[in-house]
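See structure below.
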There are 2 protein chains.
Amino acid sequence: MDITSNTHSQHISRQFNQELEELKTHLMAMGGLVEKQVQDAVHALLEGDTRLAEKVRDNDRQVNELQLQIDEECTRVLARRQPAASDLRLVLAVIRATSDLERIGDEASKIARNALLLSENTSAVRGLIEVRHISEHVRKMLRDSLTAFARFDTELAMQVVHEDELVDDEYGSAMRSLMTFMMEDSRAISSVLSIMWVLRALERVGDHANNLAEYVVYLVKGLDIRHSDPGTVDQKVLKKP
Amino acid sequence: MDITSNTHSQHISRQFNQELEELKTHLMAMGGLVEKQVQDAVHALLEGDTRLAEKVRDNDRQVNELQLQIDEECTRVLARRQPAASDLRLVLAVIRATSDLERIGDEASKIARNALLLSENTSAVRGLIEVRHISEHVRKMLRDSLTAFARFDTELAMQVVHEDELVDDEYGSAMRSLMTFMMEDSRAISSVLSIMWVLRALERVGDHANNLAEYVVYLVKGLDIRHSDPGTVDQKVLKKP
């Protein structure tokens, strides 16, 4: 290979690295927006802030547009650069991640819609403590899964996977209390149902954060740990070389 | 290029085509299993067949394994064959489709779990007519979206996209009736809630079938119609050349 073509191929590879970096940057921007959407939706609900709830509902379009843009970038990289090994895994992980982030965006919209419904309710709404508690938990999971993605940090990713089991337990116990509220006071049925949908949406946010964490393990280690038991995965993922 | 290498490259391309065909075949097998899971879950619920419900719950593992297998095949094809244009779109559509089929499998499991809960209920369960009706609708959507994928049929795919709007309306109206049942009879709250979760799961099956249909349009036409208004999409997708 002569020097010119070598420089040329270095140039290509520098550009390629830059494209991969950009993919990550854009994914992180989408992640940041989605985090904000969840935060605002829960805040709107807890504070009865209808304007904020409407803003969240309207912003969902931006989330959707980012998904389409980033997916198109991924397709372009695949077609032009034909990446292999860890580069290919990065692109595939980004494609999967945009889908989960988009769905988190949908869940934030659902929370915002329920915030609007509940704002018409004059009586005290039950279950807000549970909403606050679980929302803090899943927002931390989401933040950690995005950080793990940005830093290729499999240890942090595995923490998120384990947190998801706790959230599922908290969700189950919150739903049982809400069912009791409902049975005690049939006038509260419609508002308790709204809170149930909100909790369900938050639990789904936790599931999607868990998925994001699984993609981090996939892209760093080449291990597909979806549908595996978190306990047995730990040994494979966290073992020191 | 001499004849040997030409034969060689024909051989490669024949093998490549065969690999792409296999991807499609495996996706269709996964689709068939998932269709059966939804059908069995609903049947178990309507007929109170607990053994069938348990079978559905246990079979979910098979669905998950198929997802991992097919995704691995897709990654291998991307890494080895470096497909471009419509071949690349096919592989990406298959990766997205396995994710939706896996989630449909999850929804079928949820329906089966609620069938088991409801089987302990001795009183008459309300809302079964709504379940039957919506399940028939979304099962048809799922069947059609898989057929559209197998035949690269964008017209059928667009029908599925439109059907999803109807299902969303039916779901909304069924949920309102169920809320009324709940208010009328607080002893029925827990069974009505189970039926609400089932309806919600069925509505999600419809959403995923809609996604599958959108991937068909993407792979055949190269148009990403996610998040677009179905009415305006029709003109782009169905126009004759």
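The chains in the structure tokens are called A, B, ... from first to last as shown; in each chain the residues are counted from 1, and the ligands are counted from 1 in the order shown.
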Cα-based least-squares overlay of chain B on chain A, as a PDB file with C-alpha atoms, in the first residue's frame:
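Written file, result_30.pdb:
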```
ATOM      1  CA  MET B   1       0.092   0.256  -0.227  1.00  0.00           C
ATOM      2  CA  ASP B   2       1.507   3.677  -1.061  1.00  0.00           C
ATOM      3  CA  ILE B   3       1.476   6.595   1.315  1.00  0.00           C
ATOM      4  CA  THR B   4      -1.387   8.370  -0.405  1.00  0.00           C
ATOM      5  CA  SER B   5      -3.780   5.463  -0.037  1.00  0.00           C
ATOM      6  CA  ASN B   6      -2.585   4.928   3.499  1.00  0.00           C
ATOM      7  CA  THR B   7      -3.345   8.544   4.346  1.00  0.00           C
ATOM      8  CA  HIS B   8      -6.606   8.085   2.549  1.00  0.00           C
ATOM      9  CA  SER B   9      -7.543   5.015   4.589  1.00  0.00           C
ATOM     10  CA  GLN B  10      -6.493   6.774   7.803  1.00  0.00           C
ATOM     11  CA  HIS B  11      -8.704   9.620   6.764  1.00  0.00           C
ATOM     12  CA  ILE B  12     -11.594   7.236   6.148  1.00  0.00           C
ATOM     13  CA  SER B  13     -11.115   5.562   9.487  1.00  0.00           C
ATOM     14  CA  ARG B  14     -10.890   8.910  11.292  1.00  0.00           C
ATOM     15  CA  GLN B  15     -14.130   9.961   9.643  1.00  0.00           C
ATOM     16  CA  PHE B  16     -15.678   6.616  10.513  1.00  0.00           C
ATOM     17  CA  ASN B  17     -14.702   6.975  14.165  1.00  0.00           C
ATOM     18  CA  GLN B  18     -16.174  10.429  14.157  1.00  0.00           C
ATOM     19  CA  GLU B  19     -19.431   9.052  12.746  1.00  0.00           C
ATOM     20  CA  LEU B  20     -19.589   6.431  15.484  1.00  0.00           C
ATOM     21  CA  GLU B  21     -18.909   9.104  18.111  1.00  0.00           C
ATOM     22  CA  GLU B  22     -21.700  11.216  16.657  1.00  0.00           C
ATOM     23  CA  LEU B  23     -24.112   8.293  16.841  1.00  0.00           C
ATOM     24  CA  LYS B  24     -23.357   7.997  20.526  1.00  0.00           C
ATOM     25  CA  THR B  25     -23.667  11.753  21.057  1.00  0.00           C
ATOM     26  CA  HIS B  26     -27.034  11.846  19.319  1.00  0.00           C
ATOM     27  CA  LEU B  27     -28.276   8.871  21.310  1.00  0.00           C
ATOM     28  CA  MET B  28     -27.232  10.637  24.518  1.00  0.00           C
ATOM     29  CA  ALA B  29     -29.084  13.784  23.424  1.00  0.00           C
ATOM     30  CA  MET B  30     -32.204  11.690  22.817  1.00  0.00           C
ATOM     31  CA  GLY B  31     -31.673  10.035  26.218  1.00  0.00           C
ATOM     32  CA  GLY B  32     -31.407  13.445  27.890  1.00  0.00           C
ATOM     33  CA  LEU B  33     -34.643  14.629  26.316  1.00  0.00           C
ATOM     34  CA  VAL B  34     -36.458  11.450  27.335  1.00  0.00           C
ATOM     35  CA  GLU B  35     -35.168  11.718  30.926  1.00  0.00           C
ATOM     36  CA  LYS B  36     -36.494  15.281  31.054  1.00  0.00           C
ATOM     37  CA  GLN B  37     -39.852  14.120  29.686  1.00  0.00           C
ATOM     38  CA  VAL B  38     -40.253  11.532  32.438  1.00  0.00           C
ATOM     39  CA  GLN B  39     -39.167  14.020  35.103  1.00  0.00           C
ATOM     40  CA  ASP B  40     -41.553  16.718  33.831  1.00  0.00           C
ATOM     41  CA  ALA B  41     -44.467  14.288  33.464  1.00  0.00           C
ATOM     42  CA  VAL B  42     -44.125  13.101  37.055  1.00  0.00           C
ATOM     43  CA  HIS B  43     -43.649  16.655  38.321  1.00  0.00           C
ATOM     44  CA  ALA B  44     -46.763  17.780  36.417  1.00  0.00           C
ATOM     45  CA  LEU B  45     -48.728  14.956  38.023  1.00  0.00           C
ATOM     46  CA  LEU B  46     -47.531  15.505  41.570  1.00  0.00           C
ATOM     47  CA  GLU B  47     -47.900  19.299  41.444  1.00  0.00           C
ATOM     48  CA  GLY B  48     -51.051  19.376  39.309  1.00  0.00           C
ATOM     49  CA  ASP B  49     -49.212  21.508  36.748  1.00  0.00           C
ATOM     50  CA  THR B  50     -51.394  21.195  33.635  1.00  0.00           C
ATOM     51  CA  ARG B  51     -49.253  23.465  31.461  1.00  0.00           C
ATOM     52  CA  LEU B  52     -46.210  21.302  32.067  1.00  0.00           C
ATOM     53  CA  ALA B  53     -48.285  18.177  31.330  1.00  0.00           C
ATOM     54  CA  GLU B  54     -49.362  19.676  28.003  1.00  0.00           C
ATOM     55  CA  LYS B  55     -45.763  20.543  27.193  1.00  0.00           C
ATOM     56  CA  VAL B  56     -44.683  16.929  27.804  1.00  0.00           C
ATOM     57  CA  ARG B  57     -47.472  15.649  25.569  1.00  0.00           C
ATOM     58  CA  ASP B  58     -46.452  18.046  22.787  1.00  0.00           C
ATOM     59  CA  ASN B  59     -42.710  17.338  23.101  1.00  0.00           C
ATOM     60  CA  ASP B  60     -43.245  13.664  22.320  1.00  0.00           C
ATOM     61  CA  ARG B  61     -43.044  14.572  18.643  1.00  0.00           C
ATOM     62  CA  GLN B  62     -39.433  15.677  19.148  1.00  0.00           C
ATOM     63  CA  VAL B  63     -38.577  12.327  20.713  1.00  0.00           C
ATOM     64  CA  ASN B  64     -40.099  10.514  17.732  1.00  0.00           C
ATOM     65  CA  GLU B  65     -38.199  12.674  15.262  1.00  0.00           C
ATOM     66  CA  LEU B  66     -34.912  11.979  17.026  1.00  0.00           C
ATOM     67  CA  GLN B  67     -35.584   8.251  16.749  1.00  0.00           C
ATOM     68  CA  LEU B  68     -36.113   8.483  12.986  1.00  0.00           C
ATOM     69  CA  GLN B  69     -33.009  10.657  12.546  1.00  0.00           C
ATOM     70  CA  ILE B  70     -30.696   8.446  14.566  1.00  0.00           C
ATOM     71  CA  ASP B  71     -32.018   5.255  12.952  1.00  0.00           C
ATOM     72  CA  GLU B  72     -31.346   6.792   9.552  1.00  0.00           C
ATOM     73  CA  GLU B  73     -27.799   7.663  10.617  1.00  0.00           C
ATOM     74  CA  CYS B  74     -27.322   4.047  11.759  1.00  0.00           C
ATOM     75  CA  THR B  75     -28.548   2.679   8.436  1.00  0.00           C
ATOM     76  CA  ARG B  76     -26.207   5.030   6.589  1.00  0.00           C
ATOM     77  CA  VAL B  77     -23.231   3.922   8.673  1.00  0.00           C
ATOM     78  CA  LEU B  78     -24.102   0.243   8.085  1.00  0.00           C
ATOM     79  CA  ALA B  79     -24.466   0.756   4.332  1.00  0.00           C
ATOM     80  CA  ARG B  80     -21.366   2.919   3.804  1.00  0.00           C
ATOM     81  CA  ARG B  81     -18.917   1.690   6.405  1.00  0.00           C
ATOM     82  CA  GLN B  82     -19.897  -1.938   6.711  1.00  0.00           C
ATOM     83  CA  PRO B  83     -18.699  -2.056  10.304  1.00  0.00           C
ATOM     84  CA  ALA B  84     -17.565  -5.302  11.928  1.00  0.00           C
ATOM     85  CA  ALA B  85     -17.047  -6.603  15.464  1.00  0.00           C
ATOM     86  CA  SER B  86     -17.443  -3.987  18.205  1.00  0.00           C
ATOM     87  CA  ASP B  87     -18.302  -1.204  15.725  1.00  0.00           C
ATOM     88  CA  LEU B  88     -21.164  -3.288  14.365  1.00  0.00           C
ATOM     89  CA  ARG B  89     -22.319  -4.054  17.904  1.00  0.00           C
ATOM     90  CA  LEU B  90     -22.324  -0.343  18.711  1.00  0.00           C
ATOM     91  CA  VAL B  91     -24.529   0.489  15.723  1.00  0.00           C
ATOM     92  CA  LEU B  92     -26.941  -2.361  16.530  1.00  0.00           C
ATOM     93  CA  ALA B  93     -27.047  -1.333  20.190  1.00  0.00           C
ATOM     94  CA  VAL B  94     -27.887   2.247  19.162  1.00  0.00           C
ATOM     95  CA  ILE B  95     -30.719   1.024  16.880  1.00  0.00           C
ATOM     96  CA  ARG B  96     -32.178  -1.025  19.733  1.00  0.00           C
ATOM     97  CA  ALA B  97     -31.678   1.794  22.215  1.00  0.00           C
ATOM     98  CA  THR B  98     -33.586   4.380  20.145  1.00  0.00           C
ATOM     99  CA  SER B  99     -36.561   2.040  20.148  1.00  0.00           C
ATOM    100  CA  ASP B 100     -36.527   1.784  23.961  1.00  0.00           C
ATOM    101  CA  LEU B 101     -36.021   5.529  24.399  1.00  0.00           C
ATOM    102  CA  GLU B 102     -38.928   6.220  22.072  1.00  0.00           C
ATOM    103  CA  ARG B 103     -41.135   3.932  24.145  1.00  0.00           C
ATOM    104  CA  ILE B 104     -40.019   5.651  27.348  1.00  0.00           C
ATOM    105  CA  GLY B 105     -41.121   8.866  25.655  1.00  0.00           C
ATOM    106  CA  ASP B 106     -44.529   7.267  25.022  1.00  0.00           C
ATOM    107  CA  GLU B 107     -44.796   6.304  28.686  1.00  0.00           C
ATOM    108  CA  ALA B 108     -43.974   9.897  29.705  1.00  0.00           C
ATOM    109  CA  SER B 109     -46.818  11.080  27.445  1.00  0.00           C
ATOM    110  CA  LYS B 110     -49.194   8.621  29.076  1.00  0.00           C
ATOM    111  CA  ILE B 111     -48.218   9.923  32.508  1.00  0.00           C
ATOM    112  CA  ALA B 112     -48.811  13.486  31.275  1.00  0.00           C
ATOM    113  CA  ARG B 113     -52.251  12.549  29.912  1.00  0.00           C
ATOM    114  CA  ASN B 114     -53.196  11.034  33.254  1.00  0.00           C
ATOM    115  CA  ALA B 115     -51.884  14.164  35.006  1.00  0.00           C
ATOM    116  CA  LEU B 116     -54.346  16.174  32.901  1.00  0.00           C
ATOM    117  CA  LEU B 117     -57.203  13.797  33.759  1.00  0.00           C
ATOM    118  CA  LEU B 118     -56.364  13.905  37.455  1.00  0.00           C
ATOM    119  CA  SER B 119     -56.150  17.694  37.495  1.00  0.00           C
ATOM    120  CA  GLU B 120     -59.933  17.756  36.967  1.00  0.00           C
ATOM    121  CA  ASN B 121     -60.319  15.757  40.129  1.00  0.00           C
ATOM    122  CA  THR B 122     -61.215  17.860  43.128  1.00  0.00           C
ATOM    123  CA  SER B 123     -60.861  15.268  45.875  1.00  0.00           C
ATOM    124  CA  ALA B 124     -57.551  14.122  47.350  1.00  0.00           C
ATOM    125  CA  VAL B 125     -55.798  11.642  45.073  1.00  0.00           C
ATOM    126  CA  ARG B 126     -54.495   8.447  46.681  1.00  0.00           C
ATOM    127  CA  GLY B 127     -51.259   6.759  45.678  1.00  0.00           C
ATOM    128  CA  LEU B 128     -49.110   9.831  45.034  1.00  0.00           C
ATOM    129  CA  ILE B 129     -46.505   8.693  47.566  1.00  0.00           C
ATOM    130  CA  GLU B 130     -46.111   5.446  45.619  1.00  0.00           C
ATOM    131  CA  VAL B 131     -45.787   7.389  42.360  1.00  0.00           C
ATOM    132  CA  ARG B 132     -43.092   9.636  43.831  1.00  0.00           C
ATOM    133  CA  HIS B 133     -41.177   6.714  45.248  1.00  0.00           C
ATOM    134  CA  ILE B 134     -41.217   4.490  42.156  1.00  0.00           C
ATOM    135  CA  SER B 135     -40.572   7.414  39.819  1.00  0.00           C
ATOM    136  CA  GLU B 136     -37.400   8.308  41.726  1.00  0.00           C
ATOM    137  CA  HIS B 137     -36.276   4.724  41.470  1.00  0.00           C
ATOM    138  CA  VAL B 138     -36.856   4.305  37.733  1.00  0.00           C
ATOM    139  CA  ARG B 139     -35.456   7.749  36.933  1.00  0.00           C
ATOM    140  CA  LYS B 140     -32.230   6.728  38.645  1.00  0.00           C
ATOM    141  CA  MET B 141     -32.220   3.495  36.601  1.00  0.00           C
ATOM    142  CA  LEU B 142     -32.685   5.463  33.398  1.00  0.00           C
ATOM    143  CA  ARG B 143     -29.927   7.938  34.308  1.00  0.00           C
ATOM    144  CA  ASP B 144     -27.545   5.117  35.218  1.00  0.00           C
ATOM    145  CA  SER B 145     -28.282   3.114  32.077  1.00  0.00           C
ATOM    146  CA  LEU B 146     -27.507   6.169  29.928  1.00  0.00           C
ATOM    147  CA  THR B 147     -24.300   6.845  31.863  1.00  0.00           C
ATOM    148  CA  ALA B 148     -23.344   3.187  31.480  1.00  0.00           C
ATOM    149  CA  PHE B 149     -23.908   3.507  27.723  1.00  0.00           C
ATOM    150  CA  ALA B 150     -21.848   6.703  27.480  1.00  0.00           C
ATOM    151  CA  ARG B 151     -18.948   5.182  29.441  1.00  0.00           C
ATOM    152  CA  PHE B 152     -19.250   1.574  28.243  1.00  0.00           C
ATOM    153  CA  ASP B 153     -19.542   0.707  31.942  1.00  0.00           C
ATOM    154  CA  THR B 154     -20.771  -2.885  32.332  1.00  0.00           C
ATOM    155  CA  GLU B 155     -20.620  -2.798  36.132  1.00  0.00           C
ATOM    156  CA  LEU B 156     -23.056   0.108  36.300  1.00  0.00           C
ATOM    157  CA  ALA B 157     -25.173  -1.620  33.639  1.00  0.00           C
ATOM    158  CA  MET B 158     -25.448  -4.747  35.789  1.00  0.00           C
ATOM    159  CA  GLN B 159     -26.524  -2.602  38.757  1.00  0.00           C
ATOM    160  CA  VAL B 160     -29.419  -1.317  36.639  1.00  0.00           C
ATOM    161  CA  VAL B 161     -30.406  -4.883  35.735  1.00  0.00           C
ATOM    162  CA  HIS B 162     -30.583  -5.774  39.429  1.00  0.00           C
ATOM    163  CA  GLU B 163     -32.496  -2.605  40.329  1.00  0.00           C
ATOM    164  CA  ASP B 164     -35.216  -3.629  37.879  1.00  0.00           C
ATOM    165  CA  GLU B 165     -36.077  -6.616  40.045  1.00  0.00           C
ATOM    166  CA  LEU B 166     -36.616  -4.311  43.048  1.00  0.00           C
ATOM    167  CA  VAL B 167     -38.814  -1.958  41.020  1.00  0.00           C
ATOM    168  CA  ASP B 168     -40.988  -4.878  39.928  1.00  0.00           C
ATOM    169  CA  ASP B 169     -41.524  -5.773  43.607  1.00  0.00           C
ATOM    170  CA  GLU B 170     -42.322  -2.182  44.584  1.00  0.00           C
ATOM    171  CA  TYR B 171     -44.752  -1.950  41.686  1.00  0.00           C
ATOM    172  CA  GLY B 172     -46.556  -5.127  42.740  1.00  0.00           C
ATOM    173  CA  SER B 173     -46.957  -3.934  46.297  1.00  0.00           C
ATOM    174  CA  ALA B 174     -48.130  -0.436  45.242  1.00  0.00           C
ATOM    175  CA  MET B 175     -50.750  -1.975  42.959  1.00  0.00           C
ATOM    176  CA  ARG B 176     -52.085  -4.090  45.813  1.00  0.00           C
ATOM    177  CA  SER B 177     -52.497  -1.014  48.065  1.00  0.00           C
ATOM    178  CA  LEU B 178     -54.262   0.843  45.280  1.00  0.00           C
ATOM    179  CA  MET B 179     -56.682  -2.031  44.791  1.00  0.00           C
ATOM    180  CA  THR B 180     -57.538  -1.790  48.490  1.00  0.00           C
ATOM    181  CA  PHE B 181     -58.200   1.976  48.184  1.00  0.00           C
ATOM    182  CA  MET B 182     -60.529   1.239  45.301  1.00  0.00           C
ATOM    183  CA  MET B 183     -62.523  -1.316  47.237  1.00  0.00           C
ATOM    184  CA  GLU B 184     -62.823   0.998  50.217  1.00  0.00           C
ATOM    185  CA  ASP B 185     -64.097   3.953  48.244  1.00  0.00           C
ATOM    186  CA  SER B 186     -65.844   3.383  44.950  1.00  0.00           C
ATOM    187  CA  ARG B 187     -66.031   7.143  44.277  1.00  0.00           C
ATOM    188  CA  ALA B 188     -62.224   7.077  43.980  1.00  0.00           C
ATOM    189  CA  ILE B 189     -62.211   4.343  41.305  1.00  0.00           C
ATOM    190  CA  SER B 190     -61.528   6.591  38.366  1.00  0.00           C
ATOM    191  CA  SER B 191     -58.693   8.538  40.010  1.00  0.00           C
ATOM    192  CA  VAL B 192     -57.111   5.379  41.425  1.00  0.00           C
ATOM    193  CA  LEU B 193     -57.238   3.804  37.971  1.00  0.00           C
ATOM    194  CA  SER B 194     -55.357   6.812  36.584  1.00  0.00           C
ATOM    195  CA  ILE B 195     -52.693   6.366  39.230  1.00  0.00           C
ATOM    196  CA  MET B 196     -52.505   2.649  38.367  1.00  0.00           C
ATOM    197  CA  TRP B 197     -51.845   3.522  34.711  1.00  0.00           C
ATOM    198  CA  VAL B 198     -49.139   5.941  35.827  1.00  0.00           C
ATOM    199  CA  LEU B 199     -47.461   3.291  37.984  1.00  0.00           C
ATOM    200  CA  ARG B 200     -47.682   0.846  35.125  1.00  0.00           C
ATOM    201  CA  ALA B 201     -46.017   3.417  32.826  1.00  0.00           C
ATOM    202  CA  LEU B 202     -43.238   3.969  35.366  1.00  0.00           C
ATOM    203  CA  GLU B 203     -42.683   0.242  35.722  1.00  0.00           C
ATOM    204  CA  ARG B 204     -42.330   0.062  31.921  1.00  0.00           C
ATOM    205  CA  VAL B 205     -39.756   2.896  32.045  1.00  0.00           C
ATOM    206  CA  GLY B 206     -37.780   0.674  34.408  1.00  0.00           C
ATOM    207  CA  ASP B 207     -38.052  -2.260  31.966  1.00  0.00           C
ATOM    208  CA  HIS B 208     -36.752  -0.107  29.128  1.00  0.00           C
ATOM    209  CA  ALA B 209     -33.862   1.208  31.266  1.00  0.00           C
ATOM    210  CA  ASN B 210     -33.090  -2.435  31.990  1.00  0.00           C
ATOM    211  CA  ASN B 211     -33.044  -3.131  28.235  1.00  0.00           C
ATOM    212  CA  LEU B 212     -30.643  -0.211  27.674  1.00  0.00           C
ATOM    213  CA  ALA B 213     -28.351  -1.680  30.328  1.00  0.00           C
ATOM    214  CA  GLU B 214     -28.452  -5.068  28.576  1.00  0.00           C
ATOM    215  CA  TYR B 215     -27.356  -3.442  25.300  1.00  0.00           C
ATOM    216  CA  VAL B 216     -24.332  -1.951  27.107  1.00  0.00           C
ATOM    217  CA  VAL B 217     -23.258  -5.445  28.134  1.00  0.00           C
ATOM    218  CA  TYR B 218     -23.824  -6.612  24.557  1.00  0.00           C
ATOM    219  CA  LEU B 219     -21.797  -3.869  22.962  1.00  0.00           C
ATOM    220  CA  VAL B 220     -18.890  -4.042  25.406  1.00  0.00           C
ATOM    221  CA  LYS B 221     -18.685  -7.802  25.965  1.00  0.00           C
ATOM    222  CA  GLY B 222     -20.457  -9.228  22.926  1.00  0.00           C
ATOM    223  CA  LEU B 223     -22.787 -11.112  25.293  1.00  0.00           C
ATOM    224  CA  ASP B 224     -26.520 -11.039  24.648  1.00  0.00           C
ATOM    225  CA  ILE B 225     -27.927 -11.257  28.179  1.00  0.00           C
ATOM    226  CA  ARG B 226     -31.566 -10.594  27.328  1.00  0.00           C
ATOM    227  CA  HIS B 227     -33.858 -13.183  28.917  1.00  0.00           C
ATOM    228  CA  SER B 228     -31.065 -14.412  31.193  1.00  0.00           C
ATOM    229  CA  ASP B 229     -31.190 -14.667  34.958  1.00  0.00           C
ATOM    230  CA  PRO B 230     -29.353 -11.583  36.336  1.00  0.00           C
ATOM    231  CA  GLY B 231     -27.650 -13.653  39.050  1.00  0.00           C
ATOM    232  CA  THR B 232     -25.911 -16.016  36.641  1.00  0.00           C
ATOM    233  CA  VAL B 233     -25.110 -13.188  34.241  1.00  0.00           C
ATOM    234  CA  ASP B 234     -23.082 -11.337  36.896  1.00  0.00           C
ATOM    235  CA  GLN B 235     -20.388 -13.995  36.896  1.00  0.00           C
ATOM    236  CA  LYS B 236     -19.930 -13.835  33.133  1.00  0.00           C
ATOM    237  CA  VAL B 237     -20.039 -10.076  32.836  1.00  0.00           C
ATOM    238  CA  LEU B 238     -18.124  -8.922  35.859  1.00  0.00           C
ATOM    239  CA  LYS B 239     -15.331 -11.496  35.982  1.00  0.00           C
ATOM    240  CA  LYS B 240     -11.902  -9.935  35.803  1.00  0.00           C
ATOM    241  CA  PRO B 241      -9.699 -11.103  32.927  1.00  0.00           C
TER     242      PRO B 241
END
```
- Task: Can you check which residues of range 112-202 of chain A DSSP gives as alpha helix (DSSP H) on the backbone and send them as a ChimeraX atom specification?
- Result: /A:112-119,128-151,154-184,189-202
